[in-house]
$ cat entry.csv   # CSV, C-alpha atoms and all ligand atoms
chain,number,residue,atom,x,y,z
A,1,MET,CA,99.1,115.6,76.1
A,2,THR,CA,95.7,115.4,77.7
A,3,ILE,CA,96.0,116.9,81.2
A,4,ILE,CA,94.6,114.5,83.8
A,5,THR,CA,94.4,115.8,87.4
A,6,ARG,CA,92.7,114.6,90.6
A,7,PHE,CA,91.5,115.7,94.0
A,8,ALA,CA,92.0,113.0,96.6
A,9,PRO,CA,90.3,113.7,99.9
A,10,SER,CA,90.1,111.4,102.9
A,11,PRO,CA,86.5,111.3,104.0
A,12,THR,CA,87.3,111.8,107.7
A,13,GLY,CA,85.7,115.3,108.1
A,14,PRO,CA,84.2,118.2,106.3
A,15,LEU,CA,86.0,119.9,103.4
A,16,HIS,CA,87.5,123.2,104.4
A,17,LEU,CA,88.8,126.2,102.5
A,18,GLY,CA,92.2,124.5,102.0
A,19,HIS,CA,90.5,121.5,100.3
A,20,ALA,CA,88.4,123.8,98.2
A,21,TYR,CA,91.5,125.6,97.0
A,22,SER,CA,93.2,122.3,96.0
A,23,ALA,CA,90.1,121.0,94.3
A,24,ILE,CA,89.5,124.2,92.3
A,25,ILE,CA,93.1,124.5,91.1
A,26,SER,CA,93.2,120.9,90.1
A,27,HIS,CA,89.8,121.1,88.4
A,28,ASP,CA,90.6,124.3,86.5
A,29,MET,CA,94.0,123.1,85.4
A,30,ALA,CA,92.4,120.2,83.6
A,31,ARG,CA,89.2,121.8,82.4
A,32,LYS,CA,91.1,124.8,80.9
A,33,GLU,CA,92.9,122.4,78.6
A,34,GLY,CA,89.9,120.1,77.9
A,35,GLY,CA,91.4,117.5,80.2
A,36,LYS,CA,90.0,115.1,82.8
A,37,PHE,CA,89.5,115.7,86.5
A,38,TYR,CA,89.0,112.8,88.9
A,39,VAL,CA,87.9,112.6,92.5
A,40,ARG,CA,89.6,109.8,94.4
A,41,ILE,CA,88.4,108.8,97.8
A,42,GLU,CA,91.3,108.0,100.1
A,43,ASP,CA,89.4,105.9,102.6
A,44,LEU,CA,92.1,103.6,103.9
A,45,ASP,CA,91.7,104.8,107.4
A,46,GLN,CA,88.7,102.5,108.1
A,47,SER,CA,88.1,103.8,111.7
A,48,ARG,CA,87.9,107.5,110.6
A,49,SER,CA,86.5,107.3,107.1
A,50,LYS,CA,82.7,107.8,107.1
A,51,LYS,CA,80.2,107.5,104.3
A,52,ARG,CA,78.4,110.7,105.4
A,53,TRP,CA,81.7,112.7,105.0
A,54,GLU,CA,82.1,111.2,101.5
A,55,ASN,CA,78.5,112.3,100.6
A,56,GLN,CA,79.3,115.8,102.0
A,57,ILE,CA,82.4,116.0,99.9
A,58,PHE,CA,80.6,115.3,96.7
A,59,ASP,CA,77.8,117.7,97.7
A,60,ASP,CA,80.3,120.5,98.4
A,61,LEU,CA,82.3,119.9,95.2
A,62,ASP,CA,79.0,120.1,93.2
A,63,TRP,CA,78.0,123.3,95.0
A,64,LEU,CA,81.4,124.8,94.2
A,65,GLY,CA,80.5,124.2,90.5
A,66,LEU,CA,83.2,121.5,90.0
A,67,SER,CA,82.4,118.6,87.7
A,68,TRP,CA,84.4,115.4,87.9
A,69,ASP,CA,85.0,112.5,85.5
A,70,GLU,CA,84.1,108.9,86.2
A,71,PRO,CA,85.0,106.5,87.6
A,72,VAL,CA,85.4,107.6,91.2
A,73,VAL,CA,88.2,105.5,92.7
A,74,ARG,CA,87.8,104.3,96.3
A,75,GLN,CA,91.1,103.1,97.8
A,76,SER,CA,89.3,100.7,100.2
A,77,GLU,CA,88.2,98.7,97.2
A,78,ARG,CA,91.8,98.3,95.9
A,79,ILE,CA,93.6,96.6,98.7
A,80,GLY,CA,94.3,93.5,96.6
A,81,ARG,CA,95.9,95.6,93.9
A,82,TYR,CA,98.3,97.3,96.4
A,83,LYS,CA,99.2,93.8,97.8
A,84,ASN,CA,99.9,92.5,94.2
A,85,ILE,CA,102.2,95.5,93.6
A,86,LEU,CA,104.2,94.9,96.8
A,87,THR,CA,104.5,91.2,96.0
A,88,LYS,CA,105.6,91.8,92.4
A,89,PHE,CA,108.1,94.5,93.1
A,90,SER,CA,109.4,93.4,96.5
A,91,LYS,CA,113.0,93.2,95.2
A,92,GLU,CA,113.0,96.5,93.4
A,93,LEU,CA,111.6,98.2,96.5
A,94,GLY,CA,114.1,96.5,98.8
A,95,LEU,CA,111.0,95.5,100.9
A,96,PHE,CA,111.5,94.0,104.3
A,97,GLU,CA,109.2,93.0,107.2
A,98,CYS,CA,109.5,95.2,110.2
A,99,VAL,CA,108.4,94.0,113.6
A,100,CYS,CA,109.6,97.0,115.6
A,101,SER,CA,107.2,98.9,117.8
A,102,ARG,CA,107.4,102.6,118.2
A,103,ARG,CA,109.1,102.0,121.5
A,104,ASP,CA,111.7,99.6,119.9
A,105,ILE,CA,112.5,102.4,117.4
A,106,LYS,CA,112.9,105.0,120.1
A,107,ASN,CA,115.0,102.7,122.2
A,108,ALA,CA,117.3,101.9,119.3
A,109,LEU,CA,117.7,105.5,118.5
A,110,SER,CA,118.7,106.5,122.0
A,111,ALA,CA,121.4,103.8,122.1
A,112,PRO,CA,124.9,105.2,121.9
A,113,HIS,CA,126.3,105.8,118.4
A,114,GLU,CA,122.9,105.4,116.7
A,115,SER,CA,121.7,108.0,114.2
A,116,GLU,CA,120.1,111.1,115.7
A,117,THR,CA,116.4,111.2,116.1
A,118,LEU,CA,115.4,113.0,113.0
A,119,LEU,CA,111.9,113.5,111.7
A,120,GLY,CA,111.3,113.0,108.0
A,121,PRO,CA,108.1,113.1,105.9
A,122,ASP,CA,107.3,109.5,107.1
A,123,GLY,CA,108.0,110.2,110.8
A,124,ILE,CA,111.1,109.1,112.8
A,125,ILE,CA,113.9,108.0,110.6
A,126,TYR,CA,114.1,104.3,111.0
A,127,PRO,CA,117.3,103.0,112.6
A,128,GLY,CA,117.4,99.9,110.4
A,129,THR,CA,116.9,97.3,113.0
A,130,CYS,CA,114.9,94.8,110.9
A,131,ARG,CA,116.7,95.7,107.6
A,132,GLY,CA,118.5,92.7,106.1
A,133,LYS,CA,116.1,90.1,107.6
A,134,THR,CA,115.6,87.4,105.1
A,135,PHE,CA,112.6,88.4,103.1
A,136,SER,CA,109.8,85.8,102.7
A,137,SER,CA,108.5,85.6,99.2
A,138,HIS,CA,105.1,84.5,100.6
A,139,LEU,CA,104.1,87.8,102.1
A,140,LYS,CA,101.6,87.4,104.8
A,141,PHE,CA,100.9,91.2,105.1
A,142,LYS,CA,100.7,90.7,108.9
A,143,ASN,CA,103.7,92.8,109.8
A,144,ALA,CA,104.7,96.2,108.7
A,145,LEU,CA,106.6,96.4,105.4
A,146,ARG,CA,109.3,99.0,104.7
A,147,MET,CA,111.2,99.9,101.6
A,148,HIS,CA,114.9,100.4,101.6
A,149,VAL,CA,116.7,102.5,99.0
A,150,LYS,CA,119.9,100.8,97.8
A,151,LEU,CA,122.8,103.1,98.5
A,152,ASN,CA,125.5,101.3,96.5
A,153,GLU,CA,123.8,102.5,93.3
A,154,ASN,CA,124.2,106.2,94.3
A,155,LYS,CA,121.2,107.2,92.3
A,156,LEU,CA,119.9,110.7,91.6
A,157,PHE,CA,116.1,111.2,91.7
A,158,SER,CA,114.2,114.2,90.5
A,159,PHE,CA,110.7,115.5,90.0
A,160,CYS,CA,109.4,118.5,88.2
A,161,GLU,CA,107.7,121.1,90.4
A,162,LEU,CA,105.3,123.6,88.7
A,163,GLY,CA,103.9,125.3,91.7
A,164,PRO,CA,105.2,128.3,93.6
A,165,ARG,CA,108.5,126.5,94.2
A,166,LYS,CA,108.8,125.9,90.5
A,167,ASN,CA,112.0,124.0,89.8
A,168,GLU,CA,113.4,120.6,88.9
A,169,ILE,CA,113.9,119.1,92.4
A,170,SER,CA,116.6,116.5,92.7
A,171,PHE,CA,118.1,114.5,95.5
A,172,SER,CA,120.4,111.6,95.9
A,173,SER,CA,119.8,108.1,97.4
A,174,GLU,CA,122.1,109.0,100.2
A,175,GLU,CA,120.2,112.2,101.0
A,176,PHE,CA,117.0,110.2,100.9
A,177,ALA,CA,118.4,107.6,103.3
A,178,LYS,CA,119.5,110.3,105.7
A,179,THR,CA,116.4,112.5,105.6
A,180,VAL,CA,113.6,110.1,104.9
A,181,GLY,CA,114.8,106.5,105.6
A,182,ASP,CA,113.0,103.2,105.2
A,183,VAL,CA,109.5,104.3,104.5
A,184,VAL,CA,106.5,102.2,105.8
A,185,LEU,CA,104.5,100.9,102.8
A,186,TRP,CA,102.2,98.5,104.7
A,187,ARG,CA,101.0,98.7,108.3
A,188,LYS,CA,98.3,97.0,110.4
A,189,GLY,CA,96.7,95.2,107.5
A,190,TYR,CA,96.5,98.2,105.2
A,191,PRO,CA,98.7,99.9,102.6
A,192,ALA,CA,100.3,103.2,103.6
A,193,TYR,CA,99.1,106.4,101.9
A,194,HIS,CA,102.4,106.8,100.0
A,195,LEU,CA,102.0,103.4,98.3
A,196,ALA,CA,98.3,103.7,97.5
A,197,CYS,CA,98.7,107.3,96.2
A,198,VAL,CA,101.6,106.4,93.8
A,199,VAL,CA,99.9,103.3,92.5
A,200,ASP,CA,96.6,105.1,91.9
A,201,ASP,CA,98.2,108.2,90.3
A,202,PHE,CA,100.0,105.9,87.9
A,203,GLU,CA,97.0,103.7,87.1
A,204,GLN,CA,94.6,106.6,86.7
A,205,LYS,CA,97.2,108.1,84.3
A,206,ILE,CA,97.4,111.4,86.3
A,207,THR,CA,99.7,113.8,84.5
A,208,HIS,CA,99.6,116.6,87.1
A,209,VAL,CA,99.4,116.0,90.9
A,210,VAL,CA,98.0,119.1,92.6
A,211,ARG,CA,98.1,119.3,96.4
A,212,GLY,CA,99.3,121.5,99.3
A,213,LEU,CA,102.9,122.4,100.1
A,214,ASP,CA,102.6,120.3,103.3
A,215,LEU,CA,103.1,117.3,101.0
A,216,PHE,CA,106.2,118.7,99.2
A,217,ASP,CA,108.6,116.5,101.1
A,218,ALA,CA,106.4,113.4,100.7
A,219,THR,CA,106.8,113.8,97.0
A,220,LYS,CA,110.4,112.6,97.4
A,221,ILE,CA,109.0,109.4,98.7
A,222,HIS,CA,106.6,109.2,95.7
A,223,THR,CA,109.5,109.9,93.3
A,224,VAL,CA,111.5,107.0,94.7
A,225,LEU,CA,108.5,104.8,94.6
A,226,ASN,CA,107.8,105.7,91.0
A,227,SER,CA,111.4,105.0,90.1
A,228,SER,CA,111.5,101.6,91.9
A,229,LEU,CA,108.2,100.5,90.3
A,230,GLY,CA,109.1,101.8,86.9
A,231,PHE,CA,106.2,104.2,86.8
A,232,LYS,CA,106.1,107.3,84.7
A,233,LYS,CA,106.5,110.4,86.9
A,234,PRO,CA,103.7,113.0,86.9
A,235,PHE,CA,104.3,116.7,87.2
A,236,TYR,CA,103.7,118.2,90.6
A,237,TYR,CA,102.0,121.4,91.6
A,238,HIS,CA,102.2,122.1,95.3
A,239,HIS,CA,100.1,125.1,96.1
A,240,ARG,CA,100.4,127.5,99.0
A,241,LEU,CA,98.6,126.5,102.2
A,242,ILE,CA,95.4,128.2,103.4
A,243,CYS,CA,95.8,129.3,107.0
A,244,ASP,CA,93.6,130.5,109.8
A,245,GLU,CA,93.9,134.0,111.5
A,246,ASN,CA,96.9,132.8,113.5
A,247,GLY,CA,98.8,131.6,110.5
A,248,LYS,CA,98.1,127.9,111.2
A,249,ARG,CA,97.4,125.5,108.4
A,250,LEU,CA,93.7,124.6,108.3
A,251,ALA,CA,92.8,121.2,109.6
A,252,LYS,CA,89.6,119.2,109.9
A,253,ARG,CA,89.0,120.7,113.4
A,254,HIS,CA,88.6,124.2,111.8
A,255,ASP,CA,84.9,123.6,111.4
A,256,SER,CA,84.3,127.4,111.1
A,257,LYS,CA,86.2,127.3,107.8
A,258,SER,CA,84.3,124.3,106.4
A,259,ILE,CA,82.6,124.7,103.1
A,260,TYR,CA,79.2,123.8,104.5
A,261,LYS,CA,79.5,126.6,107.1
A,262,TYR,CA,80.1,129.1,104.3
A,263,ARG,CA,77.1,127.6,102.5
A,264,GLN,CA,75.0,128.0,105.6
A,265,GLU,CA,76.1,131.6,106.0
A,266,GLY,CA,74.9,132.4,102.5
A,267,PHE,CA,78.2,132.5,100.6
A,268,LYS,CA,78.1,131.8,96.9
A,269,PRO,CA,80.6,129.6,95.1
A,270,SER,CA,82.0,132.8,93.5
A,271,ASP,CA,82.5,134.3,97.0
A,272,VAL,CA,84.6,131.3,98.0
A,273,ARG,CA,86.7,131.7,94.8
A,274,THR,CA,87.2,135.4,95.6
A,275,LEU,CA,88.2,134.6,99.2
A,276,LEU,CA,90.8,132.2,97.9
A,277,GLY,CA,91.9,134.4,95.0
A,278,CYS,CA,91.3,131.7,92.4
A,301,LIG,N1,94.3,112.1,101.1
A,301,LIG,C1,95.3,113.0,101.1
A,301,LIG,C2,94.9,114.2,101.9
A,301,LIG,O1,93.7,114.5,102.1
A,301,LIG,C3,95.6,113.5,99.7
A,301,LIG,C4,97.0,113.8,99.4
A,301,LIG,C5,97.3,113.9,97.9
A,301,LIG,O2,96.7,114.7,97.3
A,301,LIG,O3,98.2,113.2,97.5
A,301,LIG,O4,95.8,114.9,102.4
$ encode --input "entry.csv" --output "structure tokens" --more "lines below"
Ligand code: GLU
Amino acid sequence: MTIITRFAPSPTGPLHLGHAYSAIISHDMARKEGGKFYVRIEDLDQSRSKKRWENQIFDDLDWLGLSWDEPVVRQSERIGRYKNILTKFSKELGLFECVCSRRDIKNALSAPHESETLLGPDGIIYPGTCRGKTFSSHLKFKNALRMHVKLNENKLFSFCELGPRKNEISFSSEEFAKTVGDVVLWRKGYPAYHLACVVDDFEQKITHVVRGLDLFDATKIHTVLNSSLGFKKPFYYHHRLICDENGKRLAKRHDSKSIYKYRQEGFKPSDVRTLLGC
């Protein structure tokens, strides 16, 4: 098997040490085996994505000594593809249009006898208000679209984790419904991250998805999506998170840990690798 990995940053700020760690592991995993390493620009958030951040990402990756294969995929150029997938697989996904506002959802949840307000990897677990609405085959993509896992089939899903939590991770459709719920796949005219990520990983033939442990639970969503769409599952490697002095996961606001700051301070790429232990 040719190993194909990817690094999928959102161009909404500078790359920090955590991103560098992800990119290096992903790059090295593929290159060691003579495989391919792609960079995918996840620029679906049109208001926050900026060309200057994209340029900075490529500049930083290049400085780190990482080389990537062509083509570079930009999600903003693939909106039509995600729409086609939703239209084609609407039945398999149990897709339904949801007109609930955040407030509607909160109100429904605080009503007596409704499920408790639980937070899953896709946010508040949806109380099911719009579920069961007749689904229009002529999707207008104006309202939010959610998927619903069929419970009567009582399916078991699983994915293979190769990272620090190495194991075959399995969960049932019931467990998914309780702890994740009806995931949003389309919102405000754009595909949700989960949908775009799964479609792209499949179409780019990614064999190993490398990313931080913060996305470990989201992988359950991706596993259900892969199963519903009939896509081959990749292997997953969720790496440890890089934290600041207070033990908090690095975020875009941690400018002091950005790669360009290290570059300005005279660090060498090998110093960054030493710092990260990779
Ligand atoms: N764009 C996502 C991020 O920056 C990538 C997640 C993934 O690797 O699947 O967090």
$ closest_residue --input "entry.csv" --among "A:Asn143, A:Met29, A:His16, A:Ala218" --to "Gln56 in chain A" --atoms "only C-alpha atoms"
A:His16
$ closest_residue --input "entry.csv" --among "A:Arg102, A:Lys261, A:His194, A:Arg52" --to "ligand LIG 301 (chain A)" --atoms "all atoms listed in the file"
A:His194
$ closest_atom_pairs --input "entry.csv" --of "chain A" --to "ligand LIG 301 (chain A)" --cutoff "8 Å" --atoms "all atoms listed in the file" --output "JSON lines"
{"residue": "A:Arg6", "atom": "CA", "partner": "A:LIG301", "partner_atom": "O2", "distance": 7.8}
{"residue": "A:Phe7", "atom": "CA", "partner": "A:LIG301", "partner_atom": "O2", "distance": 6.2}
{"residue": "A:Ala8", "atom": "CA", "partner": "A:LIG301", "partner_atom": "C3", "distance": 4.8}
{"residue": "A:Pro9", "atom": "CA", "partner": "A:LIG301", "partner_atom": "O1", "distance": 4.1}
{"residue": "A:Ser10", "atom": "CA", "partner": "A:LIG301", "partner_atom": "N1", "distance": 4.6}
{"residue": "A:His19", "atom": "CA", "partner": "A:LIG301", "partner_atom": "O1", "distance": 7.9}
{"residue": "A:Ile41", "atom": "CA", "partner": "A:LIG301", "partner_atom": "N1", "distance": 7.5}
{"residue": "A:Glu42", "atom": "CA", "partner": "A:LIG301", "partner_atom": "N1", "distance": 5.2}
{"residue": "A:Tyr193", "atom": "CA", "partner": "A:LIG301", "partner_atom": "N1", "distance": 7.5}
{"residue": "A:Cys197", "atom": "CA", "partner": "A:LIG301", "partner_atom": "O3", "distance": 6.1}
{"residue": "A:Val209", "atom": "CA", "partner": "A:LIG301", "partner_atom": "O2", "distance": 7.1}
{"residue": "A:Val210", "atom": "CA", "partner": "A:LIG301", "partner_atom": "O2", "distance": 6.6}
{"residue": "A:Arg211", "atom": "CA", "partner": "A:LIG301", "partner_atom": "O2", "distance": 4.9}
{"residue": "A:Gly212", "atom": "CA", "partner": "A:LIG301", "partner_atom": "O2", "distance": 7.5}
{"residue": "A:Leu215", "atom": "CA", "partner": "A:LIG301", "partner_atom": "C4", "distance": 7.2}
$ atom_distance --input "entry.csv" --atom1 "CA of Ala108 in chain A" --atom2 "CA of Asn152 in chain A"
24.2 Å
$ closest_residue --input "entry.csv" --among "A:Arg48, A:Ile259, A:Thr5, A:Gly230" --to "Asp271 in chain A" --atoms "only C-alpha atoms"
A:Ile259
$ atom_distance --input "entry.csv" --atom1 "CA of Val198 in chain A" --atom2 "CA of Gly128 in chain A"
23.8 Å
$ atom_distance --input "entry.csv" --atom1 "CA of Phe235 in chain A" --atom2 "CA of Lys248 in chain A"
27.2 Å
$ closest_residue --input "entry.csv" --among "A:Ser90, A:Ser173, A:Thr179, A:Asn107" --to "Leu145 in chain A" --atoms "all atoms listed in the file"
A:Ser90
$ residues_around --input "entry.csv" --residues "Leu118 in chain A" --least-positions-apart "6" --cutoff "9 Å" --atoms "only C-alpha atoms" --output "short mmCIF file (atom, residue, chain, number, x, y, z; two decimals) with C-alpha atoms, keeping the file's coordinate frame"
data_model
loop_
_atom_site.label_atom_id
_atom_site.label_comp_id
_atom_site.auth_asym_id
_atom_site.auth_seq_id
_atom_site.Cartn_x
_atom_site.Cartn_y
_atom_site.Cartn_z
CA ILE A 124 111.10 109.10 112.80
CA ILE A 125 113.90 108.00 110.60
CA LYS A 178 119.50 110.30 105.70
CA THR A 179 116.40 112.50 105.60
CA VAL A 180 113.60 110.10 104.90
#
$ residues_around --input "entry.csv" --residues "Ser227 in chain A" --least-positions-apart "3" --cutoff "12 Å" --atoms "all atoms listed in the file" --output "PyMOL selection string"
chain A and resi 89+92-93+149+155-159+173+198-199+202+220-224+230-234
$ closest_residue --input "entry.csv" --among "A:Ser47, A:Arg273, A:Asp244, A:Gln264" --to "Asp28 in chain A" --atoms "all atoms listed in the file"
A:Arg273
$ closest_residue --input "entry.csv" --among "A:Lys252, A:Lys32, A:Arg74, A:Lys150" --to "Pro14 in chain A" --atoms "all atoms listed in the file"
A:Lys252
$ residues_around --input "entry.csv" --residues "Tyr82 in chain A" --least-positions-apart "5" --cutoff "12 Å" --atoms "only C-alpha atoms" --output "ChimeraX atom specification"
/A:44,75-77,87-90,141,185-186,189-200,203
$ decode --input "entry.csv" --residues "range 27-38 of chain A" --atoms "all heavy atoms" --output "PDB file, in the first residue's frame"
ATOM      1  N   HIS A  27       3.887  14.356   7.306  1.00  0.00           N
ATOM      2  CA  HIS A  27       4.882  14.376   6.227  1.00  0.00           C
ATOM      3  C   HIS A  27       5.847  13.203   6.357  1.00  0.00           C
ATOM      4  O   HIS A  27       6.076  12.434   5.410  1.00  0.00           O
ATOM      5  CB  HIS A  27       5.642  15.714   6.290  1.00  0.00           C
ATOM      6  CG  HIS A  27       6.857  15.777   5.407  1.00  0.00           C
ATOM      7  ND1 HIS A  27       8.096  15.327   5.816  1.00  0.00           N
ATOM      8  CD2 HIS A  27       7.024  16.227   4.141  1.00  0.00           C
ATOM      9  CE1 HIS A  27       8.968  15.494   4.844  1.00  0.00           C
ATOM     10  NE2 HIS A  27       8.343  16.037   3.807  1.00  0.00           N
ATOM     11  N   ASP A  28       6.408  13.028   7.570  1.00  0.00           N
ATOM     12  CA  ASP A  28       7.429  11.989   7.768  1.00  0.00           C
ATOM     13  C   ASP A  28       6.845  10.585   7.588  1.00  0.00           C
ATOM     14  O   ASP A  28       7.506   9.698   7.056  1.00  0.00           O
ATOM     15  CB  ASP A  28       8.063  12.111   9.162  1.00  0.00           C
ATOM     16  CG  ASP A  28       8.937  13.362   9.277  1.00  0.00           C
ATOM     17  OD1 ASP A  28       9.041  14.113   8.273  1.00  0.00           O
ATOM     18  OD2 ASP A  28       9.511  13.598  10.365  1.00  0.00           O
ATOM     19  N   MET A  29       5.610  10.416   8.043  1.00  0.00           N
ATOM     20  CA  MET A  29       4.963   9.099   7.922  1.00  0.00           C
ATOM     21  C   MET A  29       4.902   8.671   6.446  1.00  0.00           C
ATOM     22  O   MET A  29       5.198   7.531   6.087  1.00  0.00           O
ATOM     23  CB  MET A  29       3.539   9.170   8.501  1.00  0.00           C
ATOM     24  CG  MET A  29       2.859   7.827   8.615  1.00  0.00           C
ATOM     25  SD  MET A  29       1.141   7.990   9.151  1.00  0.00           S
ATOM     26  CE  MET A  29       1.322   8.255  10.889  1.00  0.00           C
ATOM     27  N   ALA A  30       4.529   9.614   5.592  1.00  0.00           N
ATOM     28  CA  ALA A  30       4.433   9.296   4.161  1.00  0.00           C
ATOM     29  C   ALA A  30       5.813   9.167   3.520  1.00  0.00           C
ATOM     30  O   ALA A  30       6.099   8.200   2.817  1.00  0.00           O
ATOM     31  CB  ALA A  30       3.618  10.368   3.445  1.00  0.00           C
ATOM     32  N   ARG A  31       6.672  10.128   3.786  1.00  0.00           N
ATOM     33  CA  ARG A  31       7.979  10.166   3.103  1.00  0.00           C
ATOM     34  C   ARG A  31       8.855   8.974   3.460  1.00  0.00           C
ATOM     35  O   ARG A  31       9.597   8.485   2.615  1.00  0.00           O
ATOM     36  CB  ARG A  31       8.708  11.476   3.424  1.00  0.00           C
ATOM     37  CG  ARG A  31       8.031  12.719   2.847  1.00  0.00           C
ATOM     38  CD  ARG A  31       8.015  12.699   1.311  1.00  0.00           C
ATOM     39  NE  ARG A  31       7.482  13.951   0.768  1.00  0.00           N
ATOM     40  CZ  ARG A  31       6.541  14.022  -0.155  1.00  0.00           C
ATOM     41  NH1 ARG A  31       5.990  12.920  -0.647  1.00  0.00           N
ATOM     42  NH2 ARG A  31       6.121  15.181  -0.604  1.00  0.00           N
ATOM     43  N   LYS A  32       8.769   8.528   4.722  1.00  0.00           N
ATOM     44  CA  LYS A  32       9.575   7.371   5.142  1.00  0.00           C
ATOM     45  C   LYS A  32       9.282   6.140   4.313  1.00  0.00           C
ATOM     46  O   LYS A  32      10.105   5.262   4.137  1.00  0.00           O
ATOM     47  CB  LYS A  32       9.276   7.057   6.620  1.00  0.00           C
ATOM     48  CG  LYS A  32      10.351   7.575   7.538  1.00  0.00           C
ATOM     49  CD  LYS A  32      10.089   7.156   8.975  1.00  0.00           C
ATOM     50  CE  LYS A  32      10.636   8.214   9.913  1.00  0.00           C
ATOM     51  NZ  LYS A  32       9.856   8.357  11.130  1.00  0.00           N
ATOM     52  N   GLU A  33       8.043   6.067   3.828  1.00  0.00           N
ATOM     53  CA  GLU A  33       7.602   4.884   3.073  1.00  0.00           C
ATOM     54  C   GLU A  33       7.529   5.179   1.576  1.00  0.00           C
ATOM     55  O   GLU A  33       6.893   4.428   0.835  1.00  0.00           O
ATOM     56  CB  GLU A  33       6.214   4.438   3.562  1.00  0.00           C
ATOM     57  CG  GLU A  33       6.134   4.099   5.046  1.00  0.00           C
ATOM     58  CD  GLU A  33       6.932   2.851   5.398  1.00  0.00           C
ATOM     59  OE1 GLU A  33       7.010   1.940   4.547  1.00  0.00           O
ATOM     60  OE2 GLU A  33       7.491   2.803   6.510  1.00  0.00           O
ATOM     61  N   GLY A  34       8.065   6.304   1.163  1.00  0.00           N
ATOM     62  CA  GLY A  34       8.005   6.670  -0.250  1.00  0.00           C
ATOM     63  C   GLY A  34       6.594   7.021  -0.692  1.00  0.00           C
ATOM     64  O   GLY A  34       6.253   6.873  -1.879  1.00  0.00           O
ATOM     65  N   GLY A  35       5.794   7.475   0.246  1.00  0.00           N
ATOM     66  CA  GLY A  35       4.395   7.793  -0.072  1.00  0.00           C
ATOM     67  C   GLY A  35       4.178   9.255  -0.437  1.00  0.00           C
ATOM     68  O   GLY A  35       5.124   9.985  -0.722  1.00  0.00           O
ATOM     69  N   LYS A  36       2.912   9.654  -0.422  1.00  0.00           N
ATOM     70  CA  LYS A  36       2.561  11.029  -0.822  1.00  0.00           C
ATOM     71  C   LYS A  36       2.081  11.835   0.384  1.00  0.00           C
ATOM     72  O   LYS A  36       1.431  11.278   1.284  1.00  0.00           O
ATOM     73  CB  LYS A  36       1.432  11.003  -1.844  1.00  0.00           C
ATOM     74  CG  LYS A  36       1.899  10.520  -3.181  1.00  0.00           C
ATOM     75  CD  LYS A  36       0.827  10.737  -4.212  1.00  0.00           C
ATOM     76  CE  LYS A  36       1.401  10.316  -5.547  1.00  0.00           C
ATOM     77  NZ  LYS A  36       0.849  10.932  -6.666  1.00  0.00           N
ATOM     78  N   PHE A  37       2.363  13.107   0.346  1.00  0.00           N
ATOM     79  CA  PHE A  37       1.931  14.023   1.403  1.00  0.00           C
ATOM     80  C   PHE A  37       1.281  15.237   0.739  1.00  0.00           C
ATOM     81  O   PHE A  37       1.914  15.915  -0.071  1.00  0.00           O
ATOM     82  CB  PHE A  37       3.147  14.449   2.247  1.00  0.00           C
ATOM     83  CG  PHE A  37       2.864  15.568   3.209  1.00  0.00           C
ATOM     84  CD1 PHE A  37       2.026  15.388   4.308  1.00  0.00           C
ATOM     85  CD2 PHE A  37       3.454  16.831   3.041  1.00  0.00           C
ATOM     86  CE1 PHE A  37       1.772  16.431   5.202  1.00  0.00           C
ATOM     87  CE2 PHE A  37       3.212  17.872   3.930  1.00  0.00           C
ATOM     88  CZ  PHE A  37       2.374  17.662   5.017  1.00  0.00           C
ATOM     89  N   TYR A  38      -0.005  15.441   1.054  1.00  0.00           N
ATOM     90  CA  TYR A  38      -0.724  16.578   0.465  1.00  0.00           C
ATOM     91  C   TYR A  38      -0.968  17.677   1.494  1.00  0.00           C
ATOM     92  O   TYR A  38      -1.094  17.391   2.690  1.00  0.00           O
ATOM     93  CB  TYR A  38      -2.105  16.138  -0.045  1.00  0.00           C
ATOM     94  CG  TYR A  38      -2.070  15.222  -1.247  1.00  0.00           C
ATOM     95  CD1 TYR A  38      -2.639  13.956  -1.182  1.00  0.00           C
ATOM     96  CD2 TYR A  38      -1.494  15.640  -2.452  1.00  0.00           C
ATOM     97  CE1 TYR A  38      -2.629  13.107  -2.292  1.00  0.00           C
ATOM     98  CE2 TYR A  38      -1.484  14.797  -3.549  1.00  0.00           C
ATOM     99  CZ  TYR A  38      -2.049  13.538  -3.469  1.00  0.00           C
ATOM    100  OH  TYR A  38      -2.029  12.714  -4.558  1.00  0.00           O
TER     101      TYR A  38
END
